[in-house]
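> Provided herewith: structure20.cif, mmCIF, C-alpha atoms.
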```
data_work
loop_
_atom_site.label_atom_id
_atom_site.label_comp_id
_atom_site.auth_asym_id
_atom_site.auth_seq_id
_atom_site.Cartn_x
_atom_site.Cartn_y
_atom_site.Cartn_z
CA ILE A 14 2.60 -2.46 0.67
CA THR A 15 8.61 3.27 0.17
CA GLU A 16 9.76 6.25 -1.42
CA PRO A 17 11.87 4.62 -2.81
CA VAL A 18 10.74 1.06 -2.04
CA SER A 19 13.40 -0.43 0.21
CA MET A 20 13.71 -4.14 -0.45
CA PRO A 21 16.96 -6.16 -0.71
CA LEU A 22 17.84 -6.93 -4.32
CA ALA A 23 19.42 -10.28 -3.51
CA THR A 24 20.04 -11.76 -0.11
CA PRO A 25 21.20 -15.30 0.62
CA GLY A 26 18.41 -17.80 0.39
CA THR A 27 15.99 -15.47 -1.35
CA THR A 28 14.79 -14.77 -4.84
CA SER A 29 15.66 -11.40 -6.27
CA VAL A 30 13.61 -8.24 -6.59
CA SER A 31 14.52 -5.89 -9.40
CA LEU A 32 13.74 -2.27 -8.61
CA GLY A 33 14.16 0.55 -11.07
CA ALA A 34 15.63 3.84 -10.01
CA PRO A 35 12.55 5.67 -8.67
CA THR A 36 11.41 9.03 -9.90
CA ALA A 37 9.73 11.56 -7.61
CA SER A 38 6.46 9.67 -7.74
CA HIS A 39 7.26 6.23 -9.16
CA SER A 40 8.94 3.06 -7.96
CA ALA A 41 9.15 0.15 -10.33
CA LEU A 42 9.17 -3.60 -9.97
CA VAL A 43 9.69 -6.05 -12.80
CA VAL A 44 8.27 -9.44 -11.95
CA SER A 45 7.96 -12.64 -13.89
CA ALA A 46 4.63 -13.72 -15.29
CA ARG A 47 4.41 -16.35 -12.53
CA PRO A 48 6.06 -14.84 -9.45
CA LYS A 49 7.27 -17.13 -6.67
CA LEU A 50 7.26 -16.38 -2.97
CA SER A 51 10.17 -17.14 -0.68
CA PRO A 52 11.17 -16.32 2.89
CA GLU A 53 13.43 -13.34 3.32
CA ALA A 54 15.82 -12.07 5.95
CA PRO A 55 14.77 -8.96 7.87
CA SER A 56 15.06 -5.72 5.95
CA PRO A 57 17.99 -3.55 7.02
CA VAL A 58 15.64 -0.57 6.80
CA THR A 59 12.62 -1.78 8.73
CA GLY A 60 14.06 -4.70 10.66
CA VAL A 61 11.13 -6.89 9.67
CA GLY A 62 10.90 -9.81 7.30
CA LYS A 63 9.16 -9.61 3.93
CA ARG A 64 8.47 -11.91 1.02
CA ALA A 65 10.27 -11.19 -2.22
CA LEU A 66 9.03 -11.28 -5.79
CA SER A 67 10.95 -13.42 -8.25
CA SER A 68 12.29 -11.78 -11.36
CA THR A 69 13.39 -13.07 -14.73
CA SER A 70 15.42 -9.95 -15.51
CA ALA A 71 18.77 -8.93 -14.12
CA ALA A 72 17.92 -5.23 -14.23
CA CYS A 73 14.63 -3.41 -14.03
CA THR A 74 13.45 -1.86 -17.28
CA CYS A 75 9.97 -0.98 -16.09
CA ASN A 76 10.69 2.55 -14.93
CA ALA A 77 12.54 3.43 -18.11
CA ALA A 78 9.76 1.93 -20.17
CA ALA A 79 7.14 3.93 -18.30
CA SER A 80 9.01 7.22 -18.61
CA ASN A 81 9.73 6.73 -22.32
CA ASN A 82 6.34 5.27 -23.26
CA VAL A 83 8.07 2.08 -24.37
CA LYS A 84 6.45 -1.27 -23.74
CA PRO A 85 8.52 -3.61 -21.54
CA LYS A 86 9.66 -6.97 -22.84
CA THR A 87 6.73 -9.23 -23.54
CA ARG A 88 7.79 -11.83 -20.96
CA GLU A 89 7.98 -9.26 -18.16
CA LYS A 90 5.21 -7.78 -16.13
CA CYS A 91 5.56 -4.08 -15.51
CA MET A 92 4.49 -3.06 -12.02
CA LEU A 93 4.58 0.45 -10.58
CA ILE A 94 3.85 1.84 -7.16
CA ARG A 95 3.18 5.50 -7.78
CA GLU A 96 1.23 8.47 -6.50
CA ILE A 97 -2.43 8.52 -7.43
CA GLU A 98 -3.52 10.70 -10.35
CA THR A 99 -6.94 12.08 -11.24
CA GLN A 100 -7.49 9.45 -13.93
CA ASP A 101 -7.13 6.73 -11.26
CA ASN A 102 -10.14 7.90 -9.23
CA ALA A 103 -12.73 5.67 -10.88
CA ALA A 104 -10.52 2.58 -10.69
CA MET A 105 -9.72 3.07 -7.01
CA ALA A 106 -13.38 3.69 -6.16
CA ARG A 107 -14.29 0.41 -7.87
CA ILE A 108 -11.54 -1.47 -6.03
CA ILE A 109 -12.58 -0.11 -2.64
CA ARG A 110 -16.22 -0.98 -3.29
CA GLN A 111 -15.29 -4.45 -4.51
CA VAL A 112 -12.80 -5.45 -1.82
CA MET A 113 -14.39 -4.08 1.36
CA PRO A 114 -17.59 -6.17 1.08
CA GLU A 115 -15.42 -9.31 0.81
CA PHE A 116 -14.66 -8.80 4.50
CA GLY A 117 -18.07 -7.57 5.59
CA ALA A 118 -16.87 -3.95 5.69
CA GLN A 119 -19.92 -2.28 4.23
CA GLY A 120 -22.77 -0.26 5.62
CA PRO A 121 -22.55 2.49 8.26
CA GLY A 122 -19.27 2.95 10.11
CA PHE A 123 -16.92 1.80 7.36
CA ALA A 124 -14.56 3.68 5.04
CA ILE A 125 -16.47 2.48 1.98
CA ASN A 126 -18.90 5.33 2.70
CA ASP A 127 -16.27 8.09 3.02
CA PRO A 128 -16.88 11.01 0.64
CA GLU A 129 -13.27 10.82 -0.57
CA VAL A 130 -13.78 7.40 -2.18
CA ASP A 131 -14.88 8.94 -5.48
CA HIS A 132 -12.12 11.57 -5.65
CA MET A 133 -9.07 10.09 -3.95
CA ALA A 134 -6.54 12.05 -6.00
CA GLN A 135 -8.00 15.37 -4.92
CA ALA A 136 -8.47 14.29 -1.29
CA TYR A 137 -4.78 13.41 -0.96
CA ALA A 138 -3.32 16.31 -2.93
CA ILE A 139 -2.80 18.44 0.16
CA ALA A 140 -0.04 18.81 2.73
CA ARG A 141 0.90 15.70 4.73
CA HIS A 142 -1.45 13.51 2.69
CA ARG A 143 -0.31 10.96 0.12
CA TYR A 144 -2.03 8.08 -1.67
CA PHE A 145 -0.25 5.48 -3.77
CA VAL A 146 -1.60 3.04 -6.32
CA VAL A 147 -0.24 -0.23 -7.65
CA GLU A 148 -0.37 -0.36 -11.41
CA GLU A 149 0.38 -3.59 -13.29
CA ASN A 150 0.60 -3.51 -17.07
CA GLY A 151 -1.24 -0.20 -17.14
CA THR A 152 -4.10 -1.25 -14.85
CA VAL A 153 -4.57 0.04 -11.31
CA GLN A 154 -5.15 -2.94 -9.01
CA GLY A 155 -4.82 -1.53 -5.51
CA GLY A 156 -3.67 1.28 -3.29
CA ALA A 157 -2.96 2.67 0.15
CA GLY A 158 -2.36 6.06 1.69
CA ILE A 159 -1.33 8.22 4.62
CA ALA A 160 -3.27 11.17 6.04
CA PRO A 161 -3.44 13.05 9.36
CA LEU A 162 -5.47 11.25 12.00
CA THR A 163 -8.51 13.41 12.71
CA GLY A 164 -8.21 14.82 16.20
CA LEU A 165 -4.48 14.10 16.52
CA GLU A 166 -3.30 15.70 13.30
CA THR A 167 0.01 17.10 14.52
CA THR A 168 1.59 13.89 15.76
CA HIS A 169 -0.45 10.99 14.39
CA CYS A 170 -1.14 9.82 10.87
CA GLU A 171 -3.51 7.12 9.73
CA LEU A 172 -2.80 4.34 7.24
CA ARG A 173 -5.87 4.51 5.04
CA LYS A 174 -7.67 2.41 2.47
CA MET A 175 -5.08 -0.27 1.84
CA TYR A 176 -6.93 -2.57 -0.53
CA PHE A 177 -5.71 -4.87 -3.29
CA LEU A 178 -7.55 -6.93 -5.89
CA PRO A 179 -7.06 -10.71 -5.57
CA SER A 180 -4.59 -10.61 -8.49
CA LEU A 181 -2.04 -8.80 -6.27
CA ARG A 182 -2.42 -10.77 -3.08
CA GLY A 183 0.24 -13.19 -1.85
CA ARG A 184 2.96 -11.65 -4.01
CA GLY A 185 4.74 -9.37 -1.55
CA ILE A 186 3.10 -6.20 -2.85
CA GLY A 187 1.63 -5.38 0.55
CA SER A 188 5.12 -5.17 2.06
CA ALA A 189 6.36 -2.89 -0.71
CA MET A 190 3.35 -0.63 -0.34
CA MET A 191 3.67 -0.54 3.44
CA GLU A 192 7.30 0.51 3.19
CA ARG A 193 6.44 3.33 0.84
CA CYS A 194 3.59 4.61 2.99
CA LEU A 195 5.63 4.51 6.19
CA ALA A 196 8.55 6.28 4.50
CA PHE A 197 6.23 9.12 3.53
CA ALA A 198 4.79 9.23 7.06
CA ARG A 199 8.27 9.68 8.50
CA GLU A 200 9.21 12.31 5.91
CA ALA A 201 6.01 14.21 6.72
CA GLY A 202 7.05 14.41 10.37
CA TYR A 203 4.53 12.13 12.03
CA ALA A 204 5.51 10.42 15.29
CA GLN A 205 2.87 7.66 15.29
CA CYS A 206 0.97 5.74 12.61
CA TYR A 207 -2.50 4.45 13.49
CA LEU A 208 -4.81 2.11 11.63
CA GLU A 209 -8.21 0.53 12.07
CA THR A 210 -9.27 -2.83 10.71
CA LEU A 211 -11.75 -5.62 11.22
CA THR A 212 -11.93 -9.13 12.62
CA GLY A 213 -11.39 -11.57 9.78
CA MET A 214 -8.78 -9.54 7.94
CA ASP A 215 -6.13 -11.88 9.30
CA GLU A 216 -3.53 -11.60 6.52
CA ALA A 217 -3.60 -7.82 6.71
CA GLN A 218 -3.16 -7.90 10.48
CA ALA A 219 -0.19 -10.26 10.12
CA LEU A 220 1.40 -7.75 7.75
CA TYR A 221 0.86 -4.92 10.23
CA ARG A 222 2.51 -6.91 13.00
CA ARG A 223 5.50 -7.76 10.81
CA PHE A 224 6.09 -4.05 10.40
CA GLY A 225 5.98 -3.47 14.14
CA PHE A 226 2.40 -2.30 14.64
CA GLN A 227 1.08 -3.10 18.10
CA ALA A 228 -2.56 -3.89 18.85
CA ILE A 229 -4.19 -1.33 21.14
CA SER A 230 -7.37 -1.63 23.15
CA GLY A 231 -9.48 1.05 21.51
CA ALA A 232 -9.86 3.59 18.76
CA LEU A 233 -7.88 6.82 18.52
CA GLY A 234 -8.93 10.07 16.91
CA ALA A 235 -12.27 10.66 15.27
CA THR A 236 -12.36 8.70 12.03
CA GLY A 237 -16.07 7.94 12.19
CA HIS A 238 -15.38 4.30 11.36
CA PHE A 239 -17.25 2.78 14.27
CA GLY A 240 -17.68 -0.49 12.37
CA CYS A 241 -13.99 -1.32 12.89
CA ASN A 242 -13.06 -3.40 15.92
CA ARG A 243 -9.29 -3.89 15.67
CA PHE A 244 -6.84 -1.04 16.25
CA PHE A 245 -3.06 -0.79 15.77
CA LEU A 246 -0.36 1.78 16.45
CA LEU A 247 3.25 2.11 15.29
CA ALA A 248 5.90 4.45 16.68
CA LEU A 249 7.67 6.00 13.70
#
```
Can you dump the structure from the file as structure tokens?


Amino acid sequence: ITEPVSMPLATPGTTSVSLGAPTASHSALVVSARPKLSPEAPSPVTGVGKRALSSTSAACTCNAAASNNVKPKTREKCMLIREIETQDNAAMARIIRQVMPEFGAQGPGFAINDPEVDHMAQAYAIARHRYFVVEENGTVQGGAGIAPLTGLETTHCELRKMYFLPSLRGRGIGSAMMERCLAFAREAGYAQCYLETLTGMDEAQALYRRFGFQAISGALGATGHFGCNRFFLLAL
């Protein structure tokens, strides 16, 4: 699912999304305990449609609560999209190893075997790399990142390891995360964003297309992920 997350707060015919004022590494969403999905008009930033999260609060208190170590109201769920930290490494490794096998993405040729899986914070703490996690009520439940595409580092980045636990799916989080990742990619000076995926990951591929990614006939760069068989590219 940008830095900050760019989603309309209230557009005609949609439910609202309450976003806190982002810090350098945090964007906040406050969502109700039972979020509802609704269609949404195209974003003025990306020009693509997204689904919004419903909110029971008129203003977001999540960011303030996080920065002041104050618990949010009991009826609200506090959700953050933030940069990964060292203490998140174990959680993200578990998520990657849990989610990828759901889609048959295990064994040789898949990102589940990348050395960075066990130390994501360190792997993305260098220039033109960034990895974000989704934290809900203090628990990391997914993530995604941007890094140079091996072999085309100057101009192309790769959208990497975008995986969410089932608890996050169908709630519009993928769109929010995508916006944040693509914003960083543009800020870092990349001209193209590439990604690899797999047959059967239909919802993910629909998300990519909504953001303007175009299917291409073959792999780019040298990722080593020869198990993937679907490839997409976006001009930034």

> Expand the PyMOL selection byres ((chain A and resi 207) around 6) into the explicit residue set it covers here, and present it as a ChimeraX atom specification.

/A:171,206,208,245-246

> Which residue, A:Ala103, A:Ala219, A:Leu93, A:Leu249, has the smallest gap to A:Ala189 when you use only C-alpha atoms?

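Checking each candidate against A:Ala189, we get A:Leu93 as the closest.
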
> With all atoms listed in the file as the counted atoms, please give the residues lying no more than 6 Å from stretch 153-169 of chain A, apart from itself and same-chain residues fewer than 6 positions off, as a PDB file with C-alpha atoms, keeping the file's coordinate frame.


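Now in around.pdb:
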```
ATOM      1  CA  HIS A 142      -1.450  13.510   2.690  1.00  0.00           C
ATOM      2  CA  ARG A 143      -0.310  10.960   0.120  1.00  0.00           C
ATOM      3  CA  TYR A 144      -2.030   8.080  -1.670  1.00  0.00           C
ATOM      4  CA  PHE A 145      -0.250   5.480  -3.770  1.00  0.00           C
ATOM      5  CA  VAL A 146      -1.600   3.040  -6.320  1.00  0.00           C
ATOM      6  CA  VAL A 147      -0.240  -0.230  -7.650  1.00  0.00           C
ATOM      7  CA  MET A 175      -5.080  -0.270   1.840  1.00  0.00           C
ATOM      8  CA  TYR A 176      -6.930  -2.570  -0.530  1.00  0.00           C
ATOM      9  CA  PHE A 177      -5.710  -4.870  -3.290  1.00  0.00           C
ATOM     10  CA  LEU A 178      -7.550  -6.930  -5.890  1.00  0.00           C
ATOM     11  CA  TYR A 203       4.530  12.130  12.030  1.00  0.00           C
ATOM     12  CA  ALA A 204       5.510  10.420  15.290  1.00  0.00           C
ATOM     13  CA  GLN A 205       2.870   7.660  15.290  1.00  0.00           C
ATOM     14  CA  CYS A 206       0.970   5.740  12.610  1.00  0.00           C
ATOM     15  CA  GLY A 234      -8.930  10.070  16.910  1.00  0.00           C
ATOM     16  CA  ALA A 235     -12.270  10.660  15.270  1.00  0.00           C
TER      17      ALA A 235
END
```

> Go through A:Ile94, A:Ala104, A:Ala124, A:Ala201 and flag the residue nearest A:Ser188, using all atoms listed in the file for the distances.

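Going through A:Ile94, A:Ala104, A:Ala124, A:Ala201 one by one, the smallest distance to A:Ser188 is for A:Ile94.
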
> Could you jot down the atom CA of A:Asp127 to atom CA of A:Ile139 separation for me, Å, one decimal place?

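Computed distance, atom CA of A:Asp127 to atom CA of A:Ile139, equals 17.2 Å.
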
> Please identify all polymer residues lying at most 10 Å from the point (-14.8, 1.1, 10.2) (file coordinates), using all atoms listed in the file, and present the result as a PyMOL selection string.

chain A and resi 118-126+209-211+236-243

> Can you work out the spacing between atom CA of A:Ala217 and atom CA of A:Leu181 in Å, to one decimal?

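The value is 13.1 Å.
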
> Mind pulling up the distance from atom CA of A:Glu200 to atom CA of A:Ala138?

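Atom CA of A:Glu200 lies at a distance of 15.8 Å from atom CA of A:Ala138.
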
> A:Met133: which residues within 8 Å, counting only C-alpha atoms, same-chain residues fewer than 5 positions away excluded, as a list of chain:residue names?

A:Ile97, A:Thr99, A:Asn102, A:Met105, A:Tyr144

> Could you list, as a PyMOL selection string, every residue matched by the PyMOL selection byres ((chain A and resi 223-227) around 7) in this structure?

chain A and resi 61-62+219-222+228-229+245-247

> Of the candidates A:Ala136, A:Met214, A:Leu195, A:Met190, which shows the shortest atom-to-atom distance to A:Val112, using all atoms listed in the file?

A:Met214

> Could you give me the axis-aligned bounding box of stretch 109-127 of chain A, with 5 Å of padding per side, as centre plus edge lengths in Å to one decimal, as JSON?


```
{"center_x": -17.7, "center_y": -0.6, "center_z": 2.8, "size_x": 20.2, "size_y": 27.4, "size_z": 24.6}
```

> Determine the nearest neighbour of A:Tyr137 from the options A:Asp215, A:Glu96, A:Glu192, A:Glu115, counting only C-alpha atoms.

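Nearest to A:Tyr137: A:Glu96.
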